[in-house]
Amino acid sequence: MDWLRQLPIGQYVAGRGWLRQLDPRLKFLWSLAFLLTPILAGPLWRLALVALLLLLTFCSGIAWRIWQRSLPTLLALCVAIALLAALLPSGPERPLPLQSPPENSLLPPPPAWVLLQVGPLKVTKRSAELGLNTGTLLFTLMHSANLLLVSTAPEELAWGMSALMQPLESFGVPVQKLGFQLLLALRFVPLVQEELQNLLRGVATRALNLRQLGWKQLLALVLAVAERLLANILLRAEQGADALMARSELWRAPSALRVPRVPLIWLDGLGLSALLMLLALRMRFGGF
């Protein structure tokens with residue numbers, strides 16, 4: 001019943017490796033690049049981003065035991081969603097522009113829109129492209145965010161985002177308070193997983209036979225667990241708010257909570273150069 005603790009989704013895992021020593025501001029910019037560059041990009045660029053994410057994961061210095069459950073599960077989910085999107089009807093294909101052919105000329109054969117058809121299941125070029133875009137976008141969205149959270153401490157991440165938003169202070173935006181709220185939110189994620197783990201353990205200790213339950217009783221059980229989970233989460237949030245109010249609304253800037261570290265200039269310069277090269281390649285080859 002400790003499978004949730006073995007899946008470090010959104011939780012920082014301490015250790016060694018070059019990815020953990022990279023500047024958090026640079027890692028946040030890399031995450032934005034993985035999220036924004038697939039927009040209006042071709043299928044080859046999306047597949048290249050997936051391959052780059054996998055390469056960064058395997059070469060990051062993070063132990064494989066951290067990824068041995070979450071990464072294959074995410075890959076299987078993305079492949080299943082991509083196949084489902086490719087098999088479902090994608091609407092009518094875009095018609096070709098009408099042209100009047102010259103006299104005494106042979107018309108070219110019509111394009112092969114249908115790639116695969118097995119009975120009622122049909123995969124067209126449009127549905128295949130839709131499935132590929134959906135699967136790759138889901139993988140880059142979830143895994144890039146998870147890789148950022150696993151390799152970056154919450155204090156480092158809050159400080160990095162506050163440093164990037166520092167110019168907004170001239171417009172009256174409370175950047176430091178937003179960074180502190182982000183830090184509280186990141187600290188709150190493990191509490192949610194712990195509450196869900198405790199509820200599932202409580203259901204398992206009662207040795208309920210789910211096969212003998214009807215669909216009404218099963219639905220009632222799911223709703224009861226969800227209701228209790230929401231109540232426990234709200235209770236934890238209220239306790240955290242009371243603790244802050246007891247300290248007279250005391251809050252601290254993320255820079256004061258961050259543990260100073262010695263920056264690796266060569267590593268940060270190499271990461272920035274690689275990011276600029278990625279953006280240049282997107283502008284040159286992103287449409288393929």
# chains A, B, ... in the order shown; residues from 1 in each chain; ligands from 1

call {"tool": "select_by_dssp", "arguments": {"residues": "segment 99-286 of chain A", "states": "strand (DSSP E)", "output": "PyMOL selection string"}}
result
chain A and resi 114-118+121-124

call {"tool": "residues_around", "arguments": {"residues": "Leu229 of chain A", "least_positions_apart": "2", "cutoff": "10 Å", "atoms": "only C-alpha atoms", "output": "ChimeraX atom specification"}}
result
/A:192-193,195-199,223-227,231-235

call {"tool": "write_last_selection", "arguments": {"atoms": "N, CA and C atoms", "output": "short mmCIF file (atom, residue, chain, number, x, y, z; two decimals), in the first residue's frame"}}
result
data_model
loop_
_atom_site.label_atom_id
_atom_site.label_comp_id
_atom_site.auth_asym_id
_atom_site.auth_seq_id
_atom_site.Cartn_x
_atom_site.Cartn_y
_atom_site.Cartn_z
N VAL A 192 -1.20 16.02 0.38
CA VAL A 192 -2.33 15.46 -0.35
C VAL A 192 -2.09 13.98 -0.66
N GLN A 193 -0.89 13.65 -1.11
CA GLN A 193 -0.58 12.25 -1.39
C GLN A 193 -0.61 11.40 -0.12
N GLU A 195 -2.53 11.93 2.54
CA GLU A 195 -3.93 11.73 2.92
C GLU A 195 -4.57 10.66 2.04
N LEU A 196 -4.30 10.70 0.73
CA LEU A 196 -4.84 9.68 -0.16
C LEU A 196 -4.30 8.30 0.19
N GLN A 197 -3.01 8.23 0.54
CA GLN A 197 -2.41 6.95 0.93
C GLN A 197 -3.09 6.40 2.19
N ASN A 198 -3.34 7.24 3.16
CA ASN A 198 -3.97 6.79 4.40
C ASN A 198 -5.41 6.30 4.16
N LEU A 199 -6.14 6.99 3.29
CA LEU A 199 -7.51 6.55 3.00
C LEU A 199 -7.52 5.21 2.27
N LEU A 223 -17.38 7.78 -3.77
CA LEU A 223 -17.79 9.13 -3.35
C LEU A 223 -17.46 9.39 -1.89
N ALA A 224 -17.60 8.38 -1.05
CA ALA A 224 -17.26 8.55 0.37
C ALA A 224 -15.78 8.80 0.56
N VAL A 225 -14.94 8.05 -0.17
CA VAL A 225 -13.49 8.25 -0.07
C VAL A 225 -13.12 9.63 -0.60
N ALA A 226 -13.73 10.06 -1.71
CA ALA A 226 -13.43 11.38 -2.27
C ALA A 226 -13.87 12.48 -1.32
N GLU A 227 -15.03 12.30 -0.71
CA GLU A 227 -15.51 13.31 0.24
C GLU A 227 -14.58 13.41 1.44
N ALA A 231 -12.27 16.61 2.66
CA ALA A 231 -12.37 17.15 4.02
C ALA A 231 -11.01 17.17 4.71
N ASN A 232 -10.21 16.12 4.53
CA ASN A 232 -8.88 16.09 5.15
C ASN A 232 -7.95 17.13 4.54
N ILE A 233 -8.06 17.33 3.23
CA ILE A 233 -7.21 18.34 2.59
C ILE A 233 -7.57 19.74 3.08
N LEU A 234 -8.87 20.01 3.17
CA LEU A 234 -9.30 21.32 3.68
C LEU A 234 -8.88 21.51 5.14
N LEU A 235 -8.91 20.43 5.93
CA LEU A 235 -8.47 20.53 7.32
C LEU A 235 -6.98 20.85 7.39
#

call {"tool": "residues_around", "arguments": {"residues": "Trp30 of chain A", "least_positions_apart": "4", "cutoff": "10 Å", "atoms": "only C-alpha atoms", "output": "list of chain:residue names"}}
result
A:Pro24, A:Arg25, A:Leu26, A:Phe34, A:Leu35, A:Leu36, A:Ser144, A:Leu148, A:Gly271, A:Leu272, A:Ala274, A:Leu275, A:Leu276, A:Leu278

call {"tool": "residues_around", "arguments": {"residues": "Leu137 of chain A", "least_positions_apart": "5", "cutoff": "9 Å", "atoms": "only C-alpha atoms", "output": "CSV table (one decimal) with N, CA and C atoms, in the first residue's frame"}}
result
chain,number,residue,atom,x,y,z
A,35,LEU,N,7.3,23.2,-23.2
A,35,LEU,CA,5.9,23.4,-23.3
A,35,LEU,C,5.4,24.3,-24.4
A,38,PRO,N,6.4,23.0,-28.9
A,38,PRO,CA,5.5,22.1,-29.7
A,38,PRO,C,4.3,22.8,-30.4
A,46,ARG,N,8.0,17.2,-32.6
A,46,ARG,CA,7.4,16.7,-31.4
A,46,ARG,C,8.0,15.4,-30.9
A,50,VAL,N,10.3,14.5,-27.4
A,50,VAL,CA,10.2,13.3,-26.6
A,50,VAL,C,11.5,12.6,-26.4
A,78,CYS,N,0.4,7.6,-22.6
A,78,CYS,CA,0.5,8.5,-23.8
A,78,CYS,C,0.3,7.7,-25.0
A,132,LEU,N,-0.7,11.5,-32.9
A,132,LEU,CA,0.7,11.8,-32.6
A,132,LEU,C,0.9,13.1,-31.8
A,142,MET,N,3.7,16.5,-19.0
A,142,MET,CA,3.7,15.9,-17.7
A,142,MET,C,5.2,15.6,-17.3

call {"tool": "atom_distance", "arguments": {"atom1": "atom CA of Gly240 of chain A", "atom2": "atom CA of Leu183 of chain A"}}
result
12.8 Å
